[in-house]
>>> print(open('coords_38.cif').read())   # mmCIF, C-alpha atoms
data_upload
loop_
_atom_site.label_atom_id
_atom_site.label_comp_id
_atom_site.auth_asym_id
_atom_site.auth_seq_id
_atom_site.Cartn_x
_atom_site.Cartn_y
_atom_site.Cartn_z
CA MET A 1254 -116.71 35.13 68.13
CA ARG A 1255 -116.55 38.18 70.39
CA TRP A 1256 -117.86 36.17 73.32
CA TRP A 1257 -115.41 33.37 72.59
CA SER A 1258 -112.51 35.85 72.42
CA VAL A 1259 -113.47 37.34 75.79
CA ALA A 1260 -113.75 33.85 77.27
CA ASN A 1261 -110.33 32.95 75.87
CA PHE A 1262 -108.78 36.06 77.38
CA VAL A 1263 -110.28 35.35 80.80
CA SER A 1264 -109.22 31.71 80.68
CA ASN A 1265 -105.67 32.47 79.55
CA ALA A 1266 -105.28 35.12 82.24
CA GLY A 1267 -106.42 32.61 84.87
CA THR A 1268 -104.14 29.88 83.52
CA TRP A 1269 -101.05 32.08 83.51
CA MET A 1270 -101.92 33.35 86.96
CA GLN A 1271 -102.00 29.75 88.22
CA LEU A 1272 -98.81 28.74 86.36
CA THR A 1273 -96.93 31.68 87.85
CA VAL A 1274 -98.14 30.88 91.35
CA GLN A 1275 -97.61 27.14 90.96
CA ASN A 1276 -93.88 27.54 90.42
CA LEU A 1277 -93.65 29.67 93.56
CA LEU A 1278 -95.75 27.14 95.45
CA VAL A 1279 -93.48 24.24 94.53
CA LEU A 1280 -90.47 26.25 95.66
CA GLN A 1281 -92.19 26.96 98.98
CA ILE A 1282 -93.02 23.28 99.52
CA THR A 1283 -89.70 21.77 98.43
CA GLY A 1284 -87.18 24.59 98.19
CA SER A 1285 -85.93 22.86 95.02
CA ALA A 1286 -85.71 24.36 91.54
CA ALA A 1287 -85.44 20.84 90.15
CA ALA A 1288 -88.80 19.95 91.71
CA THR A 1289 -90.32 22.99 89.99
CA GLY A 1290 -89.12 21.74 86.63
CA LEU A 1291 -90.39 18.25 87.47
CA SER A 1292 -93.90 19.54 88.18
CA MET A 1293 -93.97 21.24 84.78
CA SER A 1294 -92.75 18.06 83.06
CA VAL A 1295 -95.36 15.94 84.85
CA GLN A 1296 -98.12 18.21 83.57
CA ALA A 1297 -96.74 18.16 80.02
CA ALA A 1298 -95.89 14.43 79.89
CA PRO A 1299 -99.42 13.04 79.27
CA ALA A 1300 -99.52 14.86 75.94
CA LEU A 1301 -96.60 12.73 74.73
CA LEU A 1302 -98.66 9.54 74.62
CA MET A 1303 -102.28 10.66 74.94
CA SER A 1304 -102.62 13.62 72.57
CA VAL A 1305 -103.49 11.33 69.66
CA LEU A 1306 -106.28 9.79 71.76
CA GLY A 1307 -107.52 13.21 72.80
CA GLY A 1308 -107.60 14.34 69.17
CA ALA A 1309 -109.59 11.23 68.21
CA ALA A 1310 -112.09 12.02 70.97
CA VAL A 1311 -112.51 15.55 69.58
CA ASP A 1312 -113.26 14.14 66.11
CA ARG A 1313 -115.71 11.59 67.49
CA TRP A 1314 -117.69 13.62 70.06
CA PRO A 1315 -119.74 16.84 69.66
CA ARG A 1316 -117.22 19.65 69.82
CA LYS A 1317 -119.15 22.07 72.03
CA LEU A 1318 -119.97 19.36 74.55
CA THR A 1319 -116.38 18.13 74.59
CA ALA A 1320 -114.99 21.63 75.18
CA ALA A 1321 -117.55 22.40 77.89
CA VAL A 1322 -116.90 19.16 79.80
CA SER A 1323 -113.12 19.53 79.60
CA GLN A 1324 -113.30 23.12 80.83
CA ALA A 1325 -115.54 22.06 83.72
CA LEU A 1326 -113.08 19.31 84.68
CA LEU A 1327 -110.21 21.79 84.66
CA ALA A 1328 -112.27 24.02 86.95
CA VAL A 1329 -112.77 21.13 89.38
CA ILE A 1330 -109.01 20.48 89.44
CA ALA A 1331 -108.27 24.16 90.09
CA PHE A 1332 -110.84 24.36 92.90
CA THR A 1333 -109.49 21.16 94.46
CA THR A 1334 -105.95 22.54 94.44
CA ALA A 1335 -107.15 25.85 95.88
CA THR A 1336 -108.97 24.08 98.73
CA LEU A 1337 -105.92 21.98 99.60
CA VAL A 1338 -103.73 25.10 99.60
CA ALA A 1339 -106.20 27.02 101.77
CA LEU A 1340 -106.33 24.14 104.28
CA ASP A 1341 -102.54 23.74 104.17
CA ARG A 1342 -102.98 20.13 103.08
CA LEU A 1343 -101.22 20.27 99.72
CA ASP A 1344 -98.03 18.23 99.56
CA MET A 1345 -95.76 17.46 96.62
CA THR A 1346 -97.43 14.11 95.87
CA SER A 1347 -100.89 15.70 95.65
CA LEU A 1348 -99.56 18.51 93.50
CA MET A 1349 -97.95 16.07 91.07
CA VAL A 1350 -101.13 13.99 90.79
CA LEU A 1351 -103.23 17.09 90.12
CA ALA A 1352 -100.69 18.31 87.55
CA ALA A 1353 -100.79 14.95 85.77
CA VAL A 1354 -104.61 14.91 85.70
CA THR A 1355 -104.56 18.46 84.32
CA GLY A 1356 -102.24 17.28 81.56
CA VAL A 1357 -104.57 14.40 80.68
CA VAL A 1358 -107.64 16.65 80.44
CA ALA A 1359 -105.65 19.17 78.37
CA THR A 1360 -105.05 16.53 75.65
CA VAL A 1361 -108.77 16.79 74.87
CA ASP A 1362 -109.37 20.41 75.84
CA ASN A 1363 -106.67 21.99 73.67
CA PRO A 1364 -107.80 20.64 70.26
CA ALA A 1365 -111.49 20.94 71.18
CA CYS A 1366 -111.24 24.63 72.04
CA ALA A 1367 -108.96 25.39 69.09
CA LEU A 1368 -111.33 23.86 66.55
CA LEU A 1369 -114.44 25.25 68.25
CA GLY A 1370 -113.13 28.77 67.67
CA ASN A 1371 -112.71 28.01 63.96
CA ASP A 1372 -116.38 27.02 63.69
CA LEU A 1373 -117.47 30.53 64.70
CA VAL A 1374 -116.29 32.26 61.50
CA PRO A 1375 -116.68 31.59 57.77
CA ALA A 1376 -114.08 29.24 56.33
CA GLU A 1377 -112.13 32.04 54.62
CA ASP A 1378 -111.73 33.86 57.95
CA VAL A 1379 -110.24 30.93 59.89
CA PRO A 1380 -106.62 32.24 59.65
CA SER A 1381 -107.81 35.55 61.02
CA ALA A 1382 -109.68 33.81 63.84
CA ILE A 1383 -106.50 31.92 64.75
CA GLY A 1384 -104.65 35.25 64.86
CA VAL A 1385 -107.29 36.66 67.21
CA GLY A 1386 -106.84 33.58 69.40
CA ALA A 1387 -103.08 34.21 69.50
CA LEU A 1388 -103.76 37.82 70.46
CA MET A 1389 -105.99 36.72 73.33
CA PHE A 1390 -103.34 34.22 74.44
CA ASN A 1391 -100.58 36.83 74.63
CA ALA A 1392 -102.82 39.44 76.24
CA GLY A 1393 -104.01 36.89 78.79
CA ARG A 1394 -100.42 35.89 79.48
CA LEU A 1395 -99.49 39.48 80.28
CA ALA A 1396 -102.56 40.04 82.43
CA GLY A 1397 -102.21 36.72 84.26
CA ALA A 1398 -98.56 37.25 85.17
CA ALA A 1399 -99.36 40.73 86.47
CA LEU A 1400 -102.45 39.64 88.40
CA ALA A 1401 -100.60 36.72 90.01
CA GLY A 1402 -98.39 39.00 92.10
CA VAL A 1403 -101.27 41.24 93.12
CA THR A 1404 -103.56 38.33 93.99
CA VAL A 1405 -100.98 36.47 96.07
CA GLY A 1406 -99.92 39.67 97.84
CA PHE A 1407 -103.43 40.64 98.93
CA LEU A 1408 -105.41 37.39 99.02
CA GLY A 1409 -102.89 34.55 99.24
CA THR A 1410 -101.82 31.69 97.00
CA ALA A 1411 -105.13 29.82 97.13
CA ALA A 1412 -106.94 32.81 95.61
CA ALA A 1413 -105.01 32.44 92.36
CA TYR A 1414 -106.22 28.84 91.99
CA PHE A 1415 -109.79 29.85 92.84
CA ALA A 1416 -109.61 32.63 90.23
CA ASN A 1417 -108.42 30.15 87.60
CA GLY A 1418 -111.26 27.80 88.51
CA PHE A 1419 -113.81 30.57 87.96
CA SER A 1420 -112.16 31.46 84.64
CA PHE A 1421 -112.78 27.87 83.44
CA LEU A 1422 -116.39 28.07 84.62
CA PHE A 1423 -116.83 31.31 82.67
CA VAL A 1424 -115.74 29.54 79.48
CA THR A 1425 -118.03 26.60 80.28
CA ALA A 1426 -120.97 29.01 80.70
CA VAL A 1427 -120.24 30.78 77.38
CA ILE A 1428 -119.92 27.65 75.20
CA PRO A 1429 -123.65 26.69 75.08
CA PHE A 1430 -124.49 30.12 73.63
CA LEU A 1431 -121.98 29.94 70.78
CA ARG A 1432 -123.40 29.52 67.29
CA PRO A 1433 -121.35 28.42 64.27
CA ALA A 1434 -121.01 31.00 61.51
CA ALA A 1435 -123.33 30.52 58.54
CA GLY A 1436 -120.41 30.20 56.14
CA ALA A 1437 -118.77 27.53 58.26
CA VAL A 1438 -122.00 25.52 58.48
CA ARG A 1439 -122.58 25.64 54.72
CA HIS A 1440 -119.02 24.52 54.12
CA VAL A 1441 -119.45 21.41 56.26
CA VAL A 1442 -122.92 20.57 54.93
CA GLU A 1443 -121.87 20.91 51.31
CA ARG A 1444 -119.01 18.50 51.84
CA GLY A 1445 -121.39 16.02 53.42
CA GLU A 1446 -123.97 16.32 50.67
CA LYS A 1447 -121.31 15.57 48.08
CA GLY A 1448 -120.28 12.45 49.91
CA GLY A 1449 -117.17 14.12 51.31
CA GLU A 1450 -115.02 12.78 54.09
CA SER A 1451 -116.62 14.96 56.76
CA GLU A 1452 -119.62 12.61 56.83
CA ARG A 1453 -117.69 9.40 57.39
CA PRO A 1454 -119.22 7.00 59.90
CA GLN A 1455 -117.90 7.12 63.45
CA PRO A 1456 -116.20 3.68 63.43
CA ALA A 1457 -113.74 4.92 60.77
CA MET A 1458 -112.44 7.61 63.13
CA THR A 1459 -109.35 5.77 64.33
CA VAL A 1460 -106.11 7.15 65.72
CA ARG A 1461 -104.17 5.32 63.02
CA GLU A 1462 -106.02 7.23 60.30
CA GLY A 1463 -104.85 10.57 61.73
CA ILE A 1464 -101.25 9.40 62.09
CA ALA A 1465 -101.22 8.02 58.54
CA PHE A 1466 -102.60 11.27 57.11
CA PHE A 1467 -99.95 13.30 58.91
CA ALA A 1468 -97.14 10.97 57.80
CA ARG A 1469 -98.23 11.11 54.14
CA ARG A 1470 -98.65 14.89 54.03
CA PRO A 1471 -95.34 16.53 52.92
CA ARG A 1472 -96.34 20.06 53.91
CA LEU A 1473 -97.23 18.95 57.44
CA LEU A 1474 -93.93 17.09 57.74
CA ALA A 1475 -92.12 20.20 56.52
CA LEU A 1476 -94.02 22.31 59.05
CA ALA A 1477 -93.03 19.86 61.79
CA GLY A 1478 -89.38 20.09 60.73
CA VAL A 1479 -89.32 23.91 60.70
CA THR A 1480 -91.13 24.17 64.02
CA GLY A 1481 -89.02 21.45 65.62
CA VAL A 1482 -85.62 22.91 64.78
CA SER A 1483 -86.85 26.36 65.82
CA ALA A 1484 -88.20 25.05 69.13
CA VAL A 1485 -84.98 23.24 70.04
CA PHE A 1486 -82.38 25.82 69.00
CA GLY A 1487 -84.35 29.03 69.38
CA ARG A 1488 -87.45 30.53 70.96
CA ASN A 1489 -86.55 29.39 74.48
CA TYR A 1490 -85.79 33.02 75.20
CA GLY A 1491 -86.83 32.69 78.83
CA LEU A 1492 -83.71 30.55 79.20
CA THR A 1493 -81.16 31.97 76.74
CA LEU A 1494 -81.91 35.66 77.22
CA ALA A 1495 -82.11 35.27 80.99
CA VAL A 1496 -78.55 33.92 81.06
CA LEU A 1497 -77.36 36.53 78.55
CA VAL A 1498 -78.87 39.45 80.46
CA THR A 1499 -77.75 38.36 83.91
CA GLY A 1500 -74.34 37.14 82.68
CA PRO A 1501 -72.42 38.89 79.88
CA LEU A 1502 -74.65 41.99 79.93
CA ALA A 1503 -74.40 42.27 83.75
CA GLY A 1504 -78.08 42.99 84.25
CA GLY A 1505 -80.31 41.91 87.11
CA ALA A 1506 -83.79 40.50 87.54
CA GLY A 1507 -85.28 43.90 86.72
CA ALA A 1508 -83.43 44.04 83.41
CA PHE A 1509 -84.67 40.60 82.42
CA GLY A 1510 -88.18 41.66 83.45
CA THR A 1511 -87.91 44.50 80.94
CA VAL A 1512 -86.79 42.07 78.25
CA SER A 1513 -89.70 39.76 79.09
CA THR A 1514 -92.15 42.64 78.82
CA VAL A 1515 -90.80 43.62 75.39
CA LEU A 1516 -91.11 39.98 74.29
CA ALA A 1517 -94.75 39.95 75.41
CA VAL A 1518 -95.51 43.21 73.64
CA GLY A 1519 -93.88 41.87 70.48
CA GLY A 1520 -96.01 38.74 70.76
CA ILE A 1521 -99.16 40.86 70.87
CA LEU A 1522 -98.07 42.96 67.87
CA GLY A 1523 -97.24 39.79 65.96
CA ALA A 1524 -100.64 38.31 66.76
CA VAL A 1525 -102.33 41.44 65.41
CA LEU A 1526 -100.32 41.13 62.19
CA GLY A 1527 -100.97 37.39 62.04
CA ALA A 1528 -104.70 38.00 62.25
CA ARG A 1529 -104.47 39.76 58.87
CA LEU A 1530 -103.11 36.67 57.12
CA ARG A 1531 -105.46 35.32 54.48
CA ARG A 1532 -103.45 32.47 52.92
CA PRO A 1533 -100.72 31.30 55.29
CA SER A 1534 -98.30 28.69 53.97
CA VAL A 1535 -95.42 26.52 55.13
CA ARG A 1536 -93.09 28.60 52.96
CA LEU A 1537 -94.14 31.73 54.89
CA VAL A 1538 -93.59 29.92 58.19
CA GLY A 1539 -90.11 28.88 57.08
CA ALA A 1540 -89.18 32.37 55.86
CA LEU A 1541 -90.31 33.94 59.12
CA ALA A 1542 -88.52 31.30 61.20
CA ALA A 1543 -85.28 31.88 59.26
CA THR A 1544 -85.64 35.64 59.73
CA GLY A 1545 -86.14 35.18 63.46
CA ALA A 1546 -83.09 32.92 63.58
CA LEU A 1547 -80.90 35.56 61.93
CA LEU A 1548 -82.19 38.16 64.39
CA GLN A 1549 -81.28 35.72 67.16
CA VAL A 1550 -77.73 35.52 65.78
CA VAL A 1551 -77.43 39.32 65.90
CA ALA A 1552 -78.92 39.38 69.40
CA GLY A 1553 -76.18 37.03 70.53
CA THR A 1554 -73.63 39.72 69.66
CA SER A 1555 -75.46 42.53 71.51
CA PRO A 1556 -72.92 44.75 73.31
CA SER A 1557 -75.50 46.23 75.69
CA LEU A 1558 -79.00 45.80 77.08
CA ALA A 1559 -80.28 48.71 74.99
CA VAL A 1560 -79.20 47.03 71.75
CA LEU A 1561 -80.73 43.76 72.88
CA LEU A 1562 -84.08 45.44 73.59
CA VAL A 1563 -84.09 46.88 70.06
CA LEU A 1564 -83.63 43.38 68.63
CA VAL A 1565 -85.99 41.55 70.99
CA LEU A 1566 -89.11 43.31 69.72
CA PRO A 1567 -88.81 42.20 66.05
CA MET A 1568 -87.73 38.73 67.22
CA ALA A 1569 -90.98 38.38 69.16
CA VAL A 1570 -93.08 39.83 66.32
CA VAL A 1571 -91.60 37.43 63.75
CA GLU A 1572 -92.04 34.46 66.10
CA SER A 1573 -95.67 35.34 66.79
CA VAL A 1574 -96.60 35.78 63.12
CA SER A 1575 -94.79 32.53 62.27
CA ASP A 1576 -96.66 30.65 65.01
CA THR A 1577 -100.00 32.06 63.85
CA ALA A 1578 -99.31 31.09 60.23
CA GLY A 1579 -98.19 27.59 61.24
CA THR A 1580 -101.26 27.06 63.39
CA ALA A 1581 -103.50 28.18 60.54
CA VAL A 1582 -101.88 25.68 58.17
CA LEU A 1583 -102.16 22.91 60.74
CA GLN A 1584 -105.84 23.53 61.45
CA THR A 1585 -107.01 24.10 57.86
CA ASP A 1586 -104.93 21.68 55.79
CA PRO A 1587 -106.53 18.38 56.99
CA PRO A 1588 -110.14 17.54 56.03
CA ALA A 1589 -112.68 18.46 58.71
CA HIS A 1590 -113.18 14.93 60.03
CA LEU A 1591 -109.41 14.50 60.65
CA ARG A 1592 -108.47 17.82 62.23
CA GLY A 1593 -108.78 16.69 65.83
CA ARG A 1594 -106.52 13.71 65.27
CA VAL A 1595 -103.97 15.75 63.31
CA LEU A 1596 -103.86 18.24 66.20
CA GLY A 1597 -103.41 15.26 68.51
CA VAL A 1598 -100.40 14.04 66.52
CA TRP A 1599 -99.02 17.56 66.59
CA GLY A 1600 -99.51 17.70 70.36
CA SER A 1601 -97.41 14.56 70.82
CA ILE A 1602 -94.66 15.89 68.55
CA GLY A 1603 -94.70 19.28 70.28
CA THR A 1604 -94.33 17.63 73.67
CA VAL A 1605 -91.09 16.00 72.51
CA TRP A 1606 -89.77 19.44 71.59
CA SER A 1607 -90.92 21.07 74.83
CA LEU A 1608 -89.40 18.34 76.99
CA GLY A 1609 -86.17 17.89 75.00
CA GLY A 1610 -85.52 21.45 73.83
CA PRO A 1611 -84.55 23.16 77.14
CA PRO A 1612 -82.06 20.44 78.22
CA ALA A 1613 -80.45 20.46 74.75
CA LEU A 1614 -80.23 24.24 74.76
CA GLY A 1615 -78.90 24.20 78.32
CA LEU A 1616 -76.14 21.82 77.25
CA LEU A 1617 -75.31 24.08 74.31
CA MET A 1618 -75.02 27.04 76.68
CA GLU A 1619 -72.73 25.03 78.93
CA LEU A 1620 -70.45 24.33 75.97
CA ALA A 1621 -70.62 27.64 74.10
CA GLY A 1622 -71.98 30.15 76.63
CA PRO A 1623 -75.17 32.20 76.17
CA ARG A 1624 -73.81 34.22 73.24
CA GLY A 1625 -72.49 31.12 71.51
CA ALA A 1626 -75.78 29.28 72.08
CA LEU A 1627 -77.81 32.10 70.52
CA ILE A 1628 -75.47 32.44 67.54
CA THR A 1629 -75.00 28.71 66.95
CA GLY A 1630 -78.69 27.95 67.42
CA GLY A 1631 -79.73 30.71 65.03
CA LEU A 1632 -77.29 29.52 62.38
CA ILE A 1633 -78.49 25.92 62.72
CA ILE A 1634 -82.12 27.03 62.26
CA ALA A 1635 -81.43 29.27 59.26
CA THR A 1636 -79.16 26.70 57.59
CA SER A 1637 -81.62 23.85 58.12
CA ILE A 1638 -84.51 25.83 56.66
CA ALA A 1639 -82.42 26.97 53.68
CA ALA A 1640 -81.27 23.40 53.01
CA GLY A 1641 -84.83 22.12 53.18
CA HIS A 1642 -86.03 24.81 50.78
CA LEU A 1643 -83.28 24.00 48.27
CA LEU A 1644 -84.03 20.29 48.47
CA HIS A 1645 -87.74 20.92 47.91
CA THR A 1646 -87.00 23.22 44.96
CA ARG A 1647 -84.75 20.66 43.30
CA ARG A 1648 -87.35 17.93 43.67
CA ALA A 1649 -90.05 20.17 42.25
CA GLN A 1650 -87.88 21.08 39.23
CA ALA A 1651 -86.67 17.55 38.53
CA PRO A 1652 -88.05 16.39 35.14
CA ALA A 1653 -90.34 13.40 35.12
CA VAL A 1654 -88.80 10.32 33.46
CA LEU A 1655 -91.14 7.91 31.69
CA ARG A 1656 -90.29 4.24 31.73
CA PRO A 1657 -89.97 2.46 28.34
CA GLU A 1658 -93.12 0.44 28.92
CA ALA A 1659 -95.00 3.66 29.66
CA LEU A 1660 -93.82 5.12 26.34
CA GLU A 1661 -94.96 2.00 24.47
CA THR A 1662 -98.37 2.23 26.14
CA ALA A 1663 -98.68 5.90 25.21
CA ALA A 1664 -97.74 5.11 21.60
#
>>> encode(input="coords_38.cif", output="structure tokens")
Amino acid sequence: MRWWSVANFVSNAGTWMQLTVQNLLVLQITGSAAATGLSMSVQAAPALLMSVLGGAAVDRWPRKLTAAVSQALLAVIAFTTATLVALDRLDMTSLMVLAAVTGVVATVDNPACALLGNDLVPAEDVPSAIGVGALMFNAGRLAGAALAGVTVGFLGTAAAYFANGFSFLFVTAVIPFLRPAAGAVRHVVERGEKGGESERPQPAMTVREGIAFFARRPRLLALAGVTGVSAVFGRNYGLTLAVLVTGPLAGGAGAFGTVSTVLAVGGILGAVLGARLRRPSVRLVGALAATGALLQVVAGTSPSLAVLLVLVLPMAVVESVSDTAGTAVLQTDPPAHLRGRVLGVWGSIGTVWSLGGPPALGLLMELAGPRGALITGGLIIATSIAAGHLLHTRRAQAPAVLRPEALETAA
């Protein structure tokens, strides 16, 4: 698990380094902010239709082999991009094709690597392992964004892509030496010996089975609802807080950089707290999301940058703990043989939020301004979660009514 955590940190740092540089590269090639957004959408779009297929592949194929191959393919794509940049042969068409291929490979790589990390600890420690993964993600994000500027300044744009390629190769080299935890192995074997679902034959591993399980599972549907409303009306702080800081609060790029740093630090603190969760639940995710929404409402009324910075830290902490708890529920609730496909369904749903959320939030800011968008969005999130909780409580407390024929049978 220590080796896997180090590999995750290195890979995330390389990925964020490349993402940071890629946006600058698109601007250099086209001079268009719209083209920058398009390149990000092209990379995310394959997950909309192909995540369910990628999840099925993860359930069907050996997990370590799947993760190693997908990481190696991502390294090849990064090295190819780096070579084209170094030779000054990269145009917008090539960049879009490479971004789309990266998105396709990621539909397999993301669930494979997520579930591989869970195999390295005993079953009862999986929520903690997910928290450690979130910690490595946030730490890698900070390191990658910082290294991007240094790398481009001293070595050029191509060096950032080369560095990301080597980070993928590092993960590929580590994977063969990973060994599942004894507790995790016993858990899987015991299920198989008892005729459990983890030993089902390969032909039964269909995409439809994963979709049907997700659709019939109320707690996963509730988790999707909470996460969806939060993703659309909140959490896009890179957009809402940027407009708030540079607009009503009259700050500049440096001020927003400070806000972004505090958000990142809060994400790391939240990941540390999330790693201590033992029994995460959808109710906890909802409570944390509602708390974050109310903090967002207060942030929308901030009279100064100093007040905003005080609020941003707990907002980021609550969001990070909520994400960690939600991920733990998502990865532990389904039976072992269905987890890849459930993650695939989740990937498709999440892509809808990531593609539709920013435009919807942008429209809300156009209508209500940045303060109004933060306040309105936070109230929508909190109200929706409260309404869902009340509806669930009423259903749970509703008395069961026996039909007359059932009473006659019982008599």
>>> closest_atom_pairs(input="coords_38.cif", of="segment 1366-1417 of chain A", to="segment 1527-1534 of chain A", cutoff="10 Å", atoms="all atoms listed in the file", output="CSV")
residue,atom,partner,partner_atom,distance
A:Glu1377,CA,A:Arg1531,CA,7.4
A:Asp1378,CA,A:Arg1531,CA,7.3
A:Val1379,CA,A:Arg1531,CA,8.4
A:Pro1380,CA,A:Arg1531,CA,6.1
A:Ser1381,CA,A:Ala1528,CA,4.1
A:Ala1382,CA,A:Ala1528,CA,6.7
A:Ile1383,CA,A:Ala1528,CA,6.8
A:Gly1384,CA,A:Ala1528,CA,3.8
A:Val1385,CA,A:Ala1528,CA,5.8
A:Gly1386,CA,A:Ala1528,CA,8.7
A:Ala1387,CA,A:Ala1528,CA,8.3
A:Leu1388,CA,A:Ala1528,CA,8.3
>>> closest_residue(input="coords_38.cif", among="A:Thr1604, A:Ser1555, A:Gln1324, A:Gln1584", to="Leu1422 of chain A", atoms="only C-alpha atoms")
A:Gln1324
>>> closest_residue(input="coords_38.cif", among="A:Val1571, A:Val1551, A:Leu1562, A:Leu1541", to="Thr1511 of chain A", atoms="only C-alpha atoms")
A:Leu1562
>>> closest_residue(input="coords_38.cif", among="A:Gly1610, A:Gly1545, A:Gly1463, A:Gly1539", to="Thr1480 of chain A", atoms="all atoms listed in the file")
A:Gly1539
>>> resolve_selection(input="coords_38.cif", expression="the PyMOL selection byres ((chain A and resi 1363) around 9)", output="PDB file with C-alpha atoms, in the frame of the given file")
ATOM      1  CA  GLY A1307    -107.520  13.210  72.800  1.00  0.00           C
ATOM      2  CA  GLY A1308    -107.600  14.340  69.170  1.00  0.00           C
ATOM      3  CA  ALA A1320    -114.990  21.630  75.180  1.00  0.00           C
ATOM      4  CA  VAL A1358    -107.640  16.650  80.440  1.00  0.00           C
ATOM      5  CA  ALA A1359    -105.650  19.170  78.370  1.00  0.00           C
ATOM      6  CA  THR A1360    -105.050  16.530  75.650  1.00  0.00           C
ATOM      7  CA  VAL A1361    -108.770  16.790  74.870  1.00  0.00           C
ATOM      8  CA  ASP A1362    -109.370  20.410  75.840  1.00  0.00           C
ATOM      9  CA  PRO A1364    -107.800  20.640  70.260  1.00  0.00           C
ATOM     10  CA  ALA A1365    -111.490  20.940  71.180  1.00  0.00           C
ATOM     11  CA  CYS A1366    -111.240  24.630  72.040  1.00  0.00           C
ATOM     12  CA  ALA A1367    -108.960  25.390  69.090  1.00  0.00           C
ATOM     13  CA  LEU A1368    -111.330  23.860  66.550  1.00  0.00           C
ATOM     14  CA  LEU A1596    -103.860  18.240  66.200  1.00  0.00           C
ATOM     15  CA  GLY A1600     -99.510  17.700  70.360  1.00  0.00           C
TER      16      GLY A1600
END
>>> resolve_selection(input="coords_38.cif", expression="the PyMOL selection byres ((chain A and resi 1295-1301) around 12)", output="PyMOL selection string")
chain A and resi 1272+1275+1288-1294+1302-1308+1345-1346+1348-1364+1596-1609
>>> axis_aligned_box(input="coords_38.cif", around="segment 1490-1495 of chain A", padding_each_side="3 Å", output="lines of an AutoDock Vina configuration file")
center_x = -84.0
center_y = 33.1
center_z = 78.1
size_x = 11.7
size_y = 11.1
size_z = 11.8
>>> resolve_selection(input="coords_38.cif", expression="the PyMOL selection byres ((chain A and resi 1617-1624) around 8)", output="PDB file with C-alpha atoms, in the coordinates of the input")
ATOM      1  CA  THR A1493     -81.160  31.970  76.740  1.00  0.00           C
ATOM      2  CA  LEU A1494     -81.910  35.660  77.220  1.00  0.00           C
ATOM      3  CA  VAL A1496     -78.550  33.920  81.060  1.00  0.00           C
ATOM      4  CA  LEU A1497     -77.360  36.530  78.550  1.00  0.00           C
ATOM      5  CA  GLY A1553     -76.180  37.030  70.530  1.00  0.00           C
ATOM      6  CA  THR A1554     -73.630  39.720  69.660  1.00  0.00           C
ATOM      7  CA  ALA A1613     -80.450  20.460  74.750  1.00  0.00           C
ATOM      8  CA  LEU A1614     -80.230  24.240  74.760  1.00  0.00           C
ATOM      9  CA  GLY A1615     -78.900  24.200  78.320  1.00  0.00           C
ATOM     10  CA  LEU A1616     -76.140  21.820  77.250  1.00  0.00           C
ATOM     11  CA  GLY A1625     -72.490  31.120  71.510  1.00  0.00           C
ATOM     12  CA  ALA A1626     -75.780  29.280  72.080  1.00  0.00           C
ATOM     13  CA  LEU A1627     -77.810  32.100  70.520  1.00  0.00           C
ATOM     14  CA  ILE A1628     -75.470  32.440  67.540  1.00  0.00           C
TER      15      ILE A1628
END
>>> closest_residue(input="coords_38.cif", among="A:Ala1309, A:Ala1411, A:Ala1266, A:Ala1540", to="Ala1398 of chain A", atoms="only C-alpha atoms")
A:Ala1266
>>> closest_residue(input="coords_38.cif", among="A:Leu1564, A:Leu1395, A:Leu1400, A:Ile1638", to="Ala1517 of chain A", atoms="all atoms listed in the file")
A:Leu1395
>>> atom_distance(input="coords_38.cif", atom1="atom CA of Ser1420 of chain A", atom2="atom CA of Ala1260 of chain A")
7.9 Å
>>> closest_residue(input="coords_38.cif", among="A:Arg1472, A:Val1311, A:Phe1407, A:Gln1281", to="Arg1592 of chain A", atoms="only C-alpha atoms")
A:Val1311
>>> atom_distance(input="coords_38.cif", atom1="atom CA of Thr1425 of chain A", atom2="atom CA of Asn1391 of chain A")
21.0 Å
>>> atom_distance(input="coords_38.cif", atom1="atom CA of Ile1633 of chain A", atom2="atom CA of Leu1548 of chain A")
12.9 Å
>>> residues_around(input="coords_38.cif", residues="Ala1401 of chain A", least_positions_apart="4", cutoff="7 Å", atoms="all atoms listed in the file", output="MDAnalysis selection string")
chainID A and resid 1270 1273:1274 1397 1405 1413
>>> write_last_selection(input="coords_38.cif", atoms="C-alpha atoms", output="PDB file, in the coordinates of the input")
ATOM      1  CA  MET A1270    -101.920  33.350  86.960  1.00  0.00           C
ATOM      2  CA  THR A1273     -96.930  31.680  87.850  1.00  0.00           C
ATOM      3  CA  VAL A1274     -98.140  30.880  91.350  1.00  0.00           C
ATOM      4  CA  GLY A1397    -102.210  36.720  84.260  1.00  0.00           C
ATOM      5  CA  VAL A1405    -100.980  36.470  96.070  1.00  0.00           C
ATOM      6  CA  ALA A1413    -105.010  32.440  92.360  1.00  0.00           C
TER       7      ALA A1413
END
>>> residues_around(input="coords_38.cif", residues="Leu1632 of chain A", least_positions_apart="6", cutoff="9 Å", atoms="all atoms listed in the file", output="tab-separated table (two decimals) with C-alpha atoms, keeping the file's coordinate frame")
chain	number	residue	atom	x	y	z
A	1543	ALA	CA	-85.28	31.88	59.26
A	1546	ALA	CA	-83.09	32.92	63.58
A	1547	LEU	CA	-80.90	35.56	61.93
A	1549	GLN	CA	-81.28	35.72	67.16
A	1550	VAL	CA	-77.73	35.52	65.78
>>> residues_around(input="coords_38.cif", residues="Gly1510 of chain A", least_positions_apart="3", cutoff="12 Å", atoms="only C-alpha atoms", output="list of chain:residue names")
A:Leu1395, A:Ala1398, A:Ala1399, A:Gly1491, A:Leu1494, A:Ala1495, A:Val1498, A:Thr1499, A:Gly1504, A:Gly1505, A:Ala1506, A:Gly1507, A:Ser1513, A:Thr1514, A:Val1515, A:Leu1516, A:Ala1517, A:Leu1558, A:Leu1562
